Amino acid sequence: MMRHKFSLRLLALFCSAFCSLQAFSNEQQCLPNMPKTKLEVFGCFQEGDVTILKLAPRDQPTYDTNLENLPTFIVMGKAFNEVLRVLGKGTHQPYNNLIKLPYPSAIIRVTEVSKAVRLKLVKEGWKLLDIKNFTYGKSDGTEGADVVCSTFIKNSSDVFTAVSQCSFLYEDDILKLKDILGSVGH
């Protein structure tokens with residue numbers, strides 16, 4: 001009886017250690033080539049062979065209902081079509097499957113951005129996959145905030161990497177986006 005209890009405890013300890021190592025291993029697989037930015041990983045997910053990093057500004061919580069703190073997503077996979085599937089380009093969401101814009105019923109207009117804006121966002125090695133301007137309405141019926149959502153993609157070492165982000169697209173926002181693009185994949 002004593003030997004049986006000892007075996008059960010040893011088995012339980014072994015299973016606990018194995019599960020902990022497996023979880024640590026999955027986390028390590030989920031963080032390949034972690035970018036060095038002013039953002040920190042808020043979440044890391046695997047969807048098949050695609051890795052999704054959810055990033056947020058350091059020391060600032062990410063709120064799904066706050067236009068100023070929307071998360072940035074980095075999606076990495078070996079198959080271009082799989083990366084596009086995860087992003088959900090062209091789905092019925094206001095922008096894509098990952099970025100859930102708050103208060104979608106308050107969006108009064110979705111437009112393409114100007115060529116001048118597109119030129120400001122050019123980053124060597126990256127292709128602008130999609131960009132949209134979302135105009136929110138105020139409660140008095142007038143126009144409110146404009147939020148620009150963009151998705152960039154690049155192919156490096158047979159890995160497709162996409163960066164998807166929304167911001168007000170002020171000069172500081174453009175610099176931060178280019179900093180993220182410059183740090184991803186190195």
# chains A, B, ... in the order shown; residues from 1 in each chain; ligands from 1
$ residues_around --residues "Asn155 of chain A" --least-positions-apart "3" --cutoff "9 Å" --atoms "only C-alpha atoms" --output "JSON, numbers by chain"
{"A": [78, 80, 125, 126, 158, 159, 160, 161, 162]}
$ residues_around --residues "segment 127-138 of chain A" --least-positions-apart "2" --cutoff "10 Å" --atoms "only C-alpha atoms" --output "ChimeraX atom specification"
/A:84,89-90,94-96,101,103-114,117-118,121-125,140-155,162-169
$ atom_distance --atom1 "atom CA of Phe45 of chain A" --atom2 "atom CA of Asn81 of chain A"
17.9 Å
$ closest_residue --among "A:Val50, A:Asp173, A:Arg58, A:Lys38" --to "Lys120 of chain A" --atoms "only C-alpha atoms"
A:Asp173
$ select_by_dssp --residues "segment 37-173 of chain A" --states "strand (DSSP E or B)" --output "short mmCIF file (atom, residue, chain, number, x, y, z; two decimals) with all heavy atoms, in the first residue's frame"
data_model
loop_
_atom_site.label_atom_id
_atom_site.label_comp_id
_atom_site.auth_asym_id
_atom_site.auth_seq_id
_atom_site.Cartn_x
_atom_site.Cartn_y
_atom_site.Cartn_z
N LEU A 39 6.60 48.42 -27.00
CA LEU A 39 5.40 47.66 -26.68
C LEU A 39 5.80 46.38 -25.96
O LEU A 39 6.89 45.87 -26.15
CB LEU A 39 4.64 47.32 -27.96
CG LEU A 39 4.19 48.49 -28.83
CD1 LEU A 39 3.59 47.99 -30.12
CD2 LEU A 39 3.21 49.37 -28.09
N GLU A 40 4.89 45.86 -25.17
CA GLU A 40 5.14 44.58 -24.52
C GLU A 40 4.07 43.59 -24.95
O GLU A 40 2.98 43.97 -25.36
CB GLU A 40 5.16 44.73 -23.00
CG GLU A 40 3.86 45.15 -22.38
CD GLU A 40 3.97 45.30 -20.87
OE1 GLU A 40 4.71 44.53 -20.24
OE2 GLU A 40 3.32 46.21 -20.34
N VAL A 41 4.41 42.32 -24.87
CA VAL A 41 3.48 41.27 -25.26
C VAL A 41 2.35 41.21 -24.24
O VAL A 41 2.58 41.03 -23.06
CB VAL A 41 4.18 39.91 -25.39
CG1 VAL A 41 3.18 38.82 -25.71
CG2 VAL A 41 5.26 39.97 -26.46
N PHE A 42 1.15 41.37 -24.73
CA PHE A 42 -0.04 41.32 -23.89
C PHE A 42 -0.70 39.95 -24.02
O PHE A 42 -1.45 39.54 -23.17
CB PHE A 42 -0.98 42.45 -24.33
CG PHE A 42 -2.14 42.69 -23.42
CD1 PHE A 42 -1.97 43.34 -22.23
CD2 PHE A 42 -3.41 42.27 -23.78
CE1 PHE A 42 -3.04 43.58 -21.39
CE2 PHE A 42 -4.49 42.50 -22.95
CZ PHE A 42 -4.30 43.16 -21.76
N GLY A 43 -0.40 39.28 -25.12
CA GLY A 43 -0.94 37.95 -25.36
C GLY A 43 -0.20 37.30 -26.51
O GLY A 43 0.31 37.98 -27.39
N CYS A 44 -0.12 35.99 -26.47
CA CYS A 44 0.57 35.24 -27.51
C CYS A 44 -0.25 34.00 -27.79
O CYS A 44 -0.57 33.25 -26.87
CB CYS A 44 1.97 34.90 -27.05
SG CYS A 44 2.97 34.11 -28.30
N PHE A 45 -0.62 33.80 -29.05
CA PHE A 45 -1.53 32.72 -29.40
C PHE A 45 -1.00 31.95 -30.60
O PHE A 45 -0.31 32.51 -31.45
CB PHE A 45 -2.91 33.28 -29.75
CG PHE A 45 -3.38 34.34 -28.81
CD1 PHE A 45 -3.18 35.68 -29.11
CD2 PHE A 45 -4.00 34.01 -27.63
CE1 PHE A 45 -3.60 36.67 -28.24
CE2 PHE A 45 -4.42 35.00 -26.75
CZ PHE A 45 -4.22 36.33 -27.05
N GLN A 46 -1.33 30.69 -30.68
CA GLN A 46 -1.03 29.86 -31.84
C GLN A 46 -2.35 29.50 -32.47
O GLN A 46 -3.28 29.06 -31.78
CB GLN A 46 -0.30 28.58 -31.42
CG GLN A 46 1.12 28.77 -30.97
CD GLN A 46 2.07 29.09 -32.10
OE1 GLN A 46 2.92 29.91 -31.92
NE2 GLN A 46 1.93 28.47 -33.24
N GLU A 47 -2.45 29.67 -33.76
CA GLU A 47 -3.62 29.21 -34.51
C GLU A 47 -3.08 28.38 -35.66
O GLU A 47 -2.68 28.91 -36.69
CB GLU A 47 -4.44 30.39 -35.02
CG GLU A 47 -5.77 29.97 -35.59
CD GLU A 47 -6.66 31.14 -35.91
OE1 GLU A 47 -6.84 32.02 -35.05
OE2 GLU A 47 -7.17 31.16 -37.04
N VAL A 50 0.34 29.37 -37.35
CA VAL A 50 0.47 30.83 -37.32
C VAL A 50 0.58 31.31 -35.88
O VAL A 50 -0.17 30.87 -35.01
CB VAL A 50 -0.75 31.50 -38.01
CG1 VAL A 50 -0.67 33.00 -37.93
CG2 VAL A 50 -0.83 31.05 -39.47
N THR A 51 1.54 32.20 -35.64
CA THR A 51 1.75 32.79 -34.33
C THR A 51 1.18 34.20 -34.34
O THR A 51 1.42 34.96 -35.28
CB THR A 51 3.25 32.86 -33.99
OG1 THR A 51 3.78 31.53 -34.03
CG2 THR A 51 3.49 33.46 -32.62
N ILE A 52 0.44 34.55 -33.30
CA ILE A 52 -0.18 35.87 -33.18
C ILE A 52 0.30 36.50 -31.88
O ILE A 52 0.09 35.94 -30.80
CB ILE A 52 -1.71 35.76 -33.16
CG1 ILE A 52 -2.22 34.99 -34.37
CG2 ILE A 52 -2.35 37.15 -33.06
CD1 ILE A 52 -3.61 34.43 -34.20
N LEU A 53 0.95 37.65 -31.98
CA LEU A 53 1.37 38.41 -30.82
C LEU A 53 0.46 39.61 -30.68
O LEU A 53 0.24 40.35 -31.65
CB LEU A 53 2.80 38.90 -30.96
CG LEU A 53 3.90 37.85 -31.05
CD1 LEU A 53 5.24 38.51 -31.30
CD2 LEU A 53 3.95 37.02 -29.80
N LYS A 54 -0.07 39.82 -29.49
CA LYS A 54 -0.88 40.98 -29.19
C LYS A 54 -0.02 41.89 -28.32
O LYS A 54 0.40 41.50 -27.24
CB LYS A 54 -2.15 40.57 -28.44
CG LYS A 54 -3.10 41.70 -28.14
CD LYS A 54 -4.35 41.17 -27.44
CE LYS A 54 -5.35 42.26 -27.18
NZ LYS A 54 -6.56 41.73 -26.52
N LEU A 55 0.26 43.09 -28.81
CA LEU A 55 1.16 44.02 -28.13
C LEU A 55 0.41 45.25 -27.65
O LEU A 55 -0.54 45.71 -28.30
CB LEU A 55 2.28 44.45 -29.07
CG LEU A 55 3.10 43.31 -29.68
CD1 LEU A 55 3.93 43.83 -30.84
CD2 LEU A 55 3.97 42.68 -28.64
N ALA A 56 0.86 45.79 -26.53
CA ALA A 56 0.27 47.00 -25.97
C ALA A 56 1.39 47.89 -25.45
O ALA A 56 2.48 47.40 -25.13
CB ALA A 56 -0.68 46.64 -24.83
N PRO A 57 1.15 49.20 -25.36
CA PRO A 57 2.18 50.09 -24.81
C PRO A 57 2.55 49.67 -23.39
O PRO A 57 1.69 49.27 -22.61
CB PRO A 57 1.51 51.46 -24.82
CG PRO A 57 0.41 51.36 -25.81
CD PRO A 57 -0.05 49.93 -25.77
N THR A 72 -1.68 46.35 -30.93
CA THR A 72 -1.02 46.08 -32.20
C THR A 72 -0.86 44.58 -32.30
O THR A 72 -0.56 43.92 -31.31
CB THR A 72 0.37 46.76 -32.23
OG1 THR A 72 0.19 48.17 -32.14
CG2 THR A 72 1.13 46.41 -33.49
N PHE A 73 -1.05 44.05 -33.50
CA PHE A 73 -0.91 42.61 -33.69
C PHE A 73 0.20 42.31 -34.68
O PHE A 73 0.32 42.97 -35.70
CB PHE A 73 -2.22 42.00 -34.21
CG PHE A 73 -3.31 41.97 -33.19
CD1 PHE A 73 -4.20 43.02 -33.08
CD2 PHE A 73 -3.44 40.89 -32.33
CE1 PHE A 73 -5.19 43.01 -32.12
CE2 PHE A 73 -4.44 40.88 -31.37
CZ PHE A 73 -5.32 41.94 -31.27
N ILE A 74 1.01 41.31 -34.34
CA ILE A 74 2.03 40.79 -35.23
C ILE A 74 1.66 39.34 -35.50
O ILE A 74 1.46 38.56 -34.57
CB ILE A 74 3.44 40.88 -34.61
CG1 ILE A 74 3.79 42.35 -34.35
CG2 ILE A 74 4.47 40.23 -35.54
CD1 ILE A 74 5.10 42.55 -33.61
N VAL A 75 1.54 39.02 -36.78
CA VAL A 75 1.13 37.67 -37.19
C VAL A 75 2.26 37.07 -38.02
O VAL A 75 2.72 37.71 -38.97
CB VAL A 75 -0.18 37.73 -38.02
CG1 VAL A 75 -0.61 36.34 -38.43
CG2 VAL A 75 -1.28 38.43 -37.24
N MET A 76 2.70 35.87 -37.66
CA MET A 76 3.81 35.22 -38.35
C MET A 76 3.43 33.80 -38.75
O MET A 76 2.85 33.07 -37.95
CB MET A 76 5.04 35.16 -37.46
CG MET A 76 5.60 36.53 -37.12
SD MET A 76 6.86 36.46 -35.84
CE MET A 76 5.84 36.31 -34.37
N GLY A 77 3.75 33.46 -40.00
CA GLY A 77 3.48 32.11 -40.48
C GLY A 77 4.25 31.85 -41.76
O GLY A 77 4.69 32.77 -42.44
N ILE A 107 -19.32 54.31 -36.16
CA ILE A 107 -18.52 54.63 -37.34
C ILE A 107 -19.47 55.12 -38.42
O ILE A 107 -20.38 54.41 -38.84
CB ILE A 107 -17.72 53.40 -37.82
CG1 ILE A 107 -16.73 52.96 -36.74
CG2 ILE A 107 -17.00 53.71 -39.13
CD1 ILE A 107 -16.05 51.63 -37.02
N ILE A 108 -19.25 56.36 -38.85
CA ILE A 108 -20.15 56.94 -39.85
C ILE A 108 -19.59 56.88 -41.27
O ILE A 108 -20.35 57.03 -42.24
CB ILE A 108 -20.54 58.40 -39.50
CG1 ILE A 108 -19.30 59.29 -39.41
CG2 ILE A 108 -21.36 58.43 -38.22
CD1 ILE A 108 -19.62 60.77 -39.22
N ARG A 109 -18.28 56.64 -41.37
CA ARG A 109 -17.69 56.59 -42.71
C ARG A 109 -16.39 55.79 -42.69
O ARG A 109 -15.60 55.90 -41.76
CB ARG A 109 -17.42 58.01 -43.21
CG ARG A 109 -16.99 58.10 -44.65
CD ARG A 109 -16.90 59.53 -45.21
NE ARG A 109 -16.12 60.44 -44.38
CZ ARG A 109 -16.62 61.42 -43.63
NH1 ARG A 109 -17.92 61.62 -43.60
NH2 ARG A 109 -15.85 62.20 -42.92
N VAL A 110 -16.19 55.00 -43.74
CA VAL A 110 -14.94 54.27 -43.95
C VAL A 110 -14.43 54.68 -45.33
O VAL A 110 -15.15 54.55 -46.32
CB VAL A 110 -15.16 52.74 -43.91
CG1 VAL A 110 -13.85 52.01 -44.14
CG2 VAL A 110 -15.78 52.32 -42.60
N THR A 111 -13.20 55.19 -45.37
CA THR A 111 -12.64 55.67 -46.64
C THR A 111 -11.22 55.18 -46.82
O THR A 111 -10.56 54.76 -45.87
CB THR A 111 -12.64 57.21 -46.70
OG1 THR A 111 -11.90 57.72 -45.58
CG2 THR A 111 -14.04 57.78 -46.67
N LYS A 127 5.36 45.74 -47.43
CA LYS A 127 4.30 46.08 -48.39
C LYS A 127 3.06 46.45 -47.59
O LYS A 127 2.66 45.73 -46.67
CB LYS A 127 4.01 44.88 -49.29
CG LYS A 127 2.89 45.14 -50.26
CD LYS A 127 2.57 43.90 -51.07
CE LYS A 127 1.36 44.19 -51.94
NZ LYS A 127 0.79 42.99 -52.49
N LEU A 128 2.46 47.58 -47.96
CA LEU A 128 1.21 47.99 -47.32
C LEU A 128 0.10 47.12 -47.90
O LEU A 128 -0.26 47.24 -49.07
CB LEU A 128 0.94 49.47 -47.58
CG LEU A 128 -0.28 50.06 -46.91
CD1 LEU A 128 -0.24 49.91 -45.40
CD2 LEU A 128 -0.42 51.53 -47.28
N LEU A 129 -0.42 46.24 -47.09
CA LEU A 129 -1.43 45.28 -47.52
C LEU A 129 -2.83 45.90 -47.53
O LEU A 129 -3.62 45.67 -48.43
CB LEU A 129 -1.40 44.05 -46.61
CG LEU A 129 -2.28 42.88 -46.95
CD1 LEU A 129 -1.84 42.26 -48.27
CD2 LEU A 129 -2.22 41.84 -45.83
N ASP A 130 -3.10 46.72 -46.52
CA ASP A 130 -4.43 47.31 -46.39
C ASP A 130 -4.35 48.54 -45.50
O ASP A 130 -3.57 48.57 -44.54
CB ASP A 130 -5.40 46.28 -45.78
CG ASP A 130 -6.84 46.74 -45.78
OD1 ASP A 130 -7.24 47.44 -46.73
OD2 ASP A 130 -7.57 46.40 -44.84
N ILE A 131 -5.15 49.54 -45.81
CA ILE A 131 -5.23 50.73 -44.96
C ILE A 131 -6.61 51.37 -45.15
O ILE A 131 -7.09 51.50 -46.27
CB ILE A 131 -4.09 51.73 -45.26
CG1 ILE A 131 -4.13 52.90 -44.25
CG2 ILE A 131 -4.13 52.20 -46.69
CD1 ILE A 131 -2.86 53.75 -44.27
N LYS A 132 -7.24 51.71 -44.03
CA LYS A 132 -8.57 52.32 -44.06
C LYS A 132 -8.65 53.42 -43.00
O LYS A 132 -8.03 53.33 -41.95
CB LYS A 132 -9.65 51.29 -43.73
CG LYS A 132 -9.77 50.15 -44.70
CD LYS A 132 -10.63 50.51 -45.88
CE LYS A 132 -10.93 49.34 -46.77
NZ LYS A 132 -9.88 48.91 -47.65
N ASN A 133 -9.43 54.44 -43.32
CA ASN A 133 -9.70 55.53 -42.38
C ASN A 133 -11.14 55.37 -41.88
O ASN A 133 -12.08 55.31 -42.68
CB ASN A 133 -9.53 56.88 -43.07
CG ASN A 133 -9.74 58.02 -42.11
OD1 ASN A 133 -9.00 58.20 -41.16
ND2 ASN A 133 -10.79 58.80 -42.34
N PHE A 134 -11.30 55.30 -40.58
CA PHE A 134 -12.61 55.16 -39.95
C PHE A 134 -12.96 56.47 -39.25
O PHE A 134 -12.20 56.92 -38.39
CB PHE A 134 -12.61 54.01 -38.93
CG PHE A 134 -12.38 52.67 -39.56
CD1 PHE A 134 -11.09 52.20 -39.77
CD2 PHE A 134 -13.44 51.89 -39.95
CE1 PHE A 134 -10.86 50.98 -40.36
CE2 PHE A 134 -13.23 50.66 -40.55
CZ PHE A 134 -11.94 50.20 -40.75
N THR A 135 -14.08 57.06 -39.63
CA THR A 135 -14.53 58.31 -39.01
C THR A 135 -15.68 57.98 -38.07
O THR A 135 -16.69 57.40 -38.47
CB THR A 135 -14.99 59.32 -40.07
OG1 THR A 135 -13.91 59.55 -40.98
CG2 THR A 135 -15.41 60.64 -39.43
N TYR A 136 -15.50 58.37 -36.82
CA TYR A 136 -16.53 58.17 -35.81
C TYR A 136 -17.42 59.41 -35.73
O TYR A 136 -16.96 60.53 -35.94
CB TYR A 136 -15.90 57.93 -34.43
CG TYR A 136 -15.45 56.51 -34.23
CD1 TYR A 136 -14.21 56.08 -34.71
CD2 TYR A 136 -16.25 55.58 -33.57
CE1 TYR A 136 -13.79 54.77 -34.53
CE2 TYR A 136 -15.84 54.28 -33.38
CZ TYR A 136 -14.61 53.88 -33.87
OH TYR A 136 -14.20 52.59 -33.69
N GLY A 137 -18.68 59.20 -35.41
CA GLY A 137 -19.61 60.30 -35.21
C GLY A 137 -19.74 60.62 -33.73
O GLY A 137 -19.60 59.75 -32.88
N GLU A 143 -19.02 65.00 -37.04
CA GLU A 143 -17.89 64.08 -37.15
C GLU A 143 -17.00 64.17 -35.92
O GLU A 143 -16.77 65.24 -35.38
CB GLU A 143 -17.06 64.39 -38.39
CG GLU A 143 -17.73 64.00 -39.67
CD GLU A 143 -16.83 64.17 -40.88
OE1 GLU A 143 -15.61 64.41 -40.72
OE2 GLU A 143 -17.35 64.06 -42.00
N GLY A 144 -16.50 63.00 -35.53
CA GLY A 144 -15.60 62.94 -34.38
C GLY A 144 -14.21 62.49 -34.81
O GLY A 144 -13.70 62.92 -35.83
N ALA A 145 -13.66 61.57 -34.07
CA ALA A 145 -12.29 61.11 -34.29
C ALA A 145 -12.15 60.30 -35.57
O ALA A 145 -13.05 59.58 -35.97
CB ALA A 145 -11.84 60.26 -33.11
N ASP A 146 -10.97 60.45 -36.19
CA ASP A 146 -10.57 59.61 -37.32
C ASP A 146 -9.52 58.64 -36.83
O ASP A 146 -8.53 59.04 -36.21
CB ASP A 146 -9.97 60.45 -38.45
CG ASP A 146 -11.02 61.13 -39.30
OD1 ASP A 146 -12.04 60.48 -39.61
OD2 ASP A 146 -10.81 62.29 -39.69
N VAL A 147 -9.72 57.37 -37.12
CA VAL A 147 -8.76 56.33 -36.76
C VAL A 147 -8.34 55.64 -38.05
O VAL A 147 -9.18 55.25 -38.86
CB VAL A 147 -9.38 55.31 -35.79
CG1 VAL A 147 -8.43 54.17 -35.49
CG2 VAL A 147 -9.80 55.99 -34.51
N VAL A 148 -7.03 55.51 -38.24
CA VAL A 148 -6.50 54.86 -39.43
C VAL A 148 -5.95 53.50 -39.04
O VAL A 148 -5.11 53.40 -38.14
CB VAL A 148 -5.41 55.72 -40.10
CG1 VAL A 148 -4.81 54.99 -41.30
CG2 VAL A 148 -5.97 57.07 -40.51
N CYS A 149 -6.44 52.46 -39.70
CA CYS A 149 -5.97 51.10 -39.46
C CYS A 149 -5.17 50.65 -40.67
O CYS A 149 -5.59 50.84 -41.81
CB CYS A 149 -7.14 50.16 -39.24
SG CYS A 149 -8.11 50.55 -37.77
N SER A 150 -4.00 50.07 -40.40
CA SER A 150 -3.14 49.63 -41.49
C SER A 150 -2.56 48.26 -41.19
O SER A 150 -2.40 47.89 -40.03
CB SER A 150 -2.01 50.63 -41.73
OG SER A 150 -1.23 50.77 -40.56
N THR A 151 -2.27 47.53 -42.26
CA THR A 151 -1.64 46.23 -42.15
C THR A 151 -0.51 46.16 -43.16
O THR A 151 -0.71 46.42 -44.34
CB THR A 151 -2.64 45.09 -42.40
OG1 THR A 151 -3.71 45.19 -41.47
CG2 THR A 151 -1.98 43.73 -42.26
N PHE A 152 0.67 45.84 -42.66
CA PHE A 152 1.86 45.69 -43.49
C PHE A 152 2.27 44.23 -43.48
O PHE A 152 2.03 43.52 -42.50
CB PHE A 152 3.01 46.52 -42.92
CG PHE A 152 2.82 47.99 -43.06
CD1 PHE A 152 2.03 48.69 -42.16
CD2 PHE A 152 3.41 48.69 -44.10
CE1 PHE A 152 1.85 50.06 -42.29
CE2 PHE A 152 3.23 50.05 -44.24
CZ PHE A 152 2.45 50.74 -43.33
N ILE A 153 2.94 43.80 -44.55
CA ILE A 153 3.41 42.42 -44.61
C ILE A 153 4.77 42.37 -45.28
O ILE A 153 5.09 43.22 -46.13
CB ILE A 153 2.39 41.50 -45.34
CG1 ILE A 153 2.72 40.03 -45.08
CG2 ILE A 153 2.31 41.82 -46.82
CD1 ILE A 153 1.55 39.10 -45.26
N LYS A 154 5.57 41.39 -44.86
CA LYS A 154 6.86 41.16 -45.51
C LYS A 154 7.17 39.68 -45.45
O LYS A 154 6.66 38.96 -44.60
CB LYS A 154 7.97 41.99 -44.89
CG LYS A 154 8.59 41.46 -43.63
CD LYS A 154 9.68 42.39 -43.17
CE LYS A 154 10.77 41.69 -42.45
NZ LYS A 154 11.86 42.55 -42.08
N ASN A 155 8.01 39.24 -46.38
CA ASN A 155 8.46 37.85 -46.43
C ASN A 155 9.95 37.86 -46.19
O ASN A 155 10.71 38.43 -46.95
CB ASN A 155 8.13 37.24 -47.80
CG ASN A 155 8.51 35.78 -47.88
OD1 ASN A 155 8.99 35.18 -46.91
ND2 ASN A 155 8.31 35.19 -49.03
N SER A 156 10.35 37.24 -45.09
CA SER A 156 11.76 37.19 -44.73
C SER A 156 12.10 35.78 -44.26
O SER A 156 11.45 35.26 -43.35
CB SER A 156 12.03 38.20 -43.62
OG SER A 156 13.34 38.10 -43.16
N VAL A 159 9.31 33.26 -43.94
CA VAL A 159 8.28 33.51 -42.93
C VAL A 159 7.58 34.82 -43.31
O VAL A 159 8.23 35.84 -43.52
CB VAL A 159 8.89 33.62 -41.51
CG1 VAL A 159 7.83 34.06 -40.51
CG2 VAL A 159 9.52 32.31 -41.09
N PHE A 160 6.26 34.75 -43.41
CA PHE A 160 5.48 35.94 -43.69
C PHE A 160 5.13 36.58 -42.35
O PHE A 160 4.63 35.91 -41.45
CB PHE A 160 4.21 35.59 -44.47
CG PHE A 160 4.49 35.16 -45.87
CD1 PHE A 160 4.66 33.82 -46.18
CD2 PHE A 160 4.62 36.11 -46.89
CE1 PHE A 160 4.94 33.43 -47.47
CE2 PHE A 160 4.89 35.72 -48.18
CZ PHE A 160 5.06 34.37 -48.48
N THR A 161 5.41 37.86 -42.24
CA THR A 161 5.12 38.60 -41.02
C THR A 161 4.22 39.76 -41.37
O THR A 161 4.51 40.53 -42.29
CB THR A 161 6.42 39.14 -40.38
OG1 THR A 161 7.31 38.04 -40.14
CG2 THR A 161 6.13 39.84 -39.07
N ALA A 162 3.12 39.89 -40.64
CA ALA A 162 2.19 40.99 -40.83
C ALA A 162 2.11 41.79 -39.54
O ALA A 162 2.14 41.22 -38.45
CB ALA A 162 0.81 40.48 -41.23
N VAL A 163 2.01 43.10 -39.67
CA VAL A 163 1.82 43.99 -38.52
C VAL A 163 0.53 44.76 -38.80
O VAL A 163 0.38 45.40 -39.84
CB VAL A 163 3.00 44.96 -38.34
CG1 VAL A 163 2.69 45.97 -37.23
CG2 VAL A 163 4.27 44.20 -38.03
N SER A 164 -0.41 44.67 -37.87
CA SER A 164 -1.70 45.32 -38.02
C SER A 164 -1.93 46.24 -36.83
O SER A 164 -1.82 45.81 -35.68
CB SER A 164 -2.80 44.26 -38.11
OG SER A 164 -4.00 44.80 -38.58
N GLN A 165 -2.25 47.51 -37.12
CA GLN A 165 -2.36 48.49 -36.06
C GLN A 165 -3.34 49.59 -36.45
O GLN A 165 -3.49 49.93 -37.62
CB GLN A 165 -0.99 49.11 -35.82
CG GLN A 165 -0.95 50.16 -34.73
CD GLN A 165 0.39 50.86 -34.67
OE1 GLN A 165 0.72 51.64 -35.53
NE2 GLN A 165 1.15 50.57 -33.62
N CYS A 166 -3.97 50.18 -35.45
CA CYS A 166 -4.82 51.35 -35.64
C CYS A 166 -4.30 52.49 -34.77
O CYS A 166 -3.87 52.25 -33.64
CB CYS A 166 -6.27 51.07 -35.25
SG CYS A 166 -7.07 49.83 -36.27
N SER A 167 -4.34 53.71 -35.31
CA SER A 167 -3.92 54.89 -34.54
C SER A 167 -4.56 56.12 -35.15
O SER A 167 -5.27 56.05 -36.15
CB SER A 167 -2.39 55.02 -34.55
OG SER A 167 -1.95 55.39 -35.84
#
$ select_by_dssp --residues "segment 40-155 of chain A" --states "helix (DSSP H, G or I)" --output "PyMOL selection string"
chain A and resi 67-69+80-87+104-106+115-120
$ decode --residues "segment 104-109 of chain A" --atoms "all heavy atoms" --output "PDB file, in the first residue's frame"
ATOM      1  N   PRO A 104     -18.580  49.930 -33.173  1.00  0.00           N
ATOM      2  CA  PRO A 104     -18.694  49.908 -34.633  1.00  0.00           C
ATOM      3  C   PRO A 104     -19.936  50.636 -35.155  1.00  0.00           C
ATOM      4  O   PRO A 104     -19.909  51.176 -36.260  1.00  0.00           O
ATOM      5  CB  PRO A 104     -18.726  48.425 -34.978  1.00  0.00           C
ATOM      6  CG  PRO A 104     -18.973  47.702 -33.713  1.00  0.00           C
ATOM      7  CD  PRO A 104     -18.582  48.602 -32.593  1.00  0.00           C
ATOM      8  N   SER A 105     -20.987  50.696 -34.363  1.00  0.00           N
ATOM      9  CA  SER A 105     -22.201  51.399 -34.823  1.00  0.00           C
ATOM     10  C   SER A 105     -21.998  52.916 -34.857  1.00  0.00           C
ATOM     11  O   SER A 105     -22.767  53.637 -35.491  1.00  0.00           O
ATOM     12  CB  SER A 105     -23.390  51.046 -33.935  1.00  0.00           C
ATOM     13  OG  SER A 105     -23.139  51.450 -32.605  1.00  0.00           O
ATOM     14  N   ALA A 106     -20.955  53.424 -34.197  1.00  0.00           N
ATOM     15  CA  ALA A 106     -20.672  54.860 -34.196  1.00  0.00           C
ATOM     16  C   ALA A 106     -19.802  55.283 -35.379  1.00  0.00           C
ATOM     17  O   ALA A 106     -19.574  56.472 -35.582  1.00  0.00           O
ATOM     18  CB  ALA A 106     -20.004  55.260 -32.888  1.00  0.00           C
ATOM     19  N   ILE A 107     -19.322  54.306 -36.156  1.00  0.00           N
ATOM     20  CA  ILE A 107     -18.519  54.626 -37.336  1.00  0.00           C
ATOM     21  C   ILE A 107     -19.471  55.122 -38.421  1.00  0.00           C
ATOM     22  O   ILE A 107     -20.379  54.407 -38.836  1.00  0.00           O
ATOM     23  CB  ILE A 107     -17.720  53.401 -37.820  1.00  0.00           C
ATOM     24  CG1 ILE A 107     -16.735  52.956 -36.737  1.00  0.00           C
ATOM     25  CG2 ILE A 107     -16.995  53.709 -39.132  1.00  0.00           C
ATOM     26  CD1 ILE A 107     -16.055  51.632 -37.022  1.00  0.00           C
ATOM     27  N   ILE A 108     -19.252  56.364 -38.854  1.00  0.00           N
ATOM     28  CA  ILE A 108     -20.154  56.942 -39.850  1.00  0.00           C
ATOM     29  C   ILE A 108     -19.592  56.884 -41.268  1.00  0.00           C
ATOM     30  O   ILE A 108     -20.348  57.026 -42.235  1.00  0.00           O
ATOM     31  CB  ILE A 108     -20.540  58.396 -39.497  1.00  0.00           C
ATOM     32  CG1 ILE A 108     -19.304  59.287 -39.410  1.00  0.00           C
ATOM     33  CG2 ILE A 108     -21.361  58.428 -38.217  1.00  0.00           C
ATOM     34  CD1 ILE A 108     -19.617  60.773 -39.218  1.00  0.00           C
ATOM     35  N   ARG A 109     -18.276  56.636 -41.375  1.00  0.00           N
ATOM     36  CA  ARG A 109     -17.694  56.591 -42.713  1.00  0.00           C
ATOM     37  C   ARG A 109     -16.386  55.792 -42.690  1.00  0.00           C
ATOM     38  O   ARG A 109     -15.604  55.900 -41.764  1.00  0.00           O
ATOM     39  CB  ARG A 109     -17.422  58.012 -43.214  1.00  0.00           C
ATOM     40  CG  ARG A 109     -16.993  58.098 -44.651  1.00  0.00           C
ATOM     41  CD  ARG A 109     -16.899  59.527 -45.209  1.00  0.00           C
ATOM     42  NE  ARG A 109     -16.121  60.442 -44.384  1.00  0.00           N
ATOM     43  CZ  ARG A 109     -16.622  61.423 -43.629  1.00  0.00           C
ATOM     44  NH1 ARG A 109     -17.923  61.621 -43.602  1.00  0.00           N
ATOM     45  NH2 ARG A 109     -15.845  62.204 -42.917  1.00  0.00           N
TER      46      ARG A 109
END
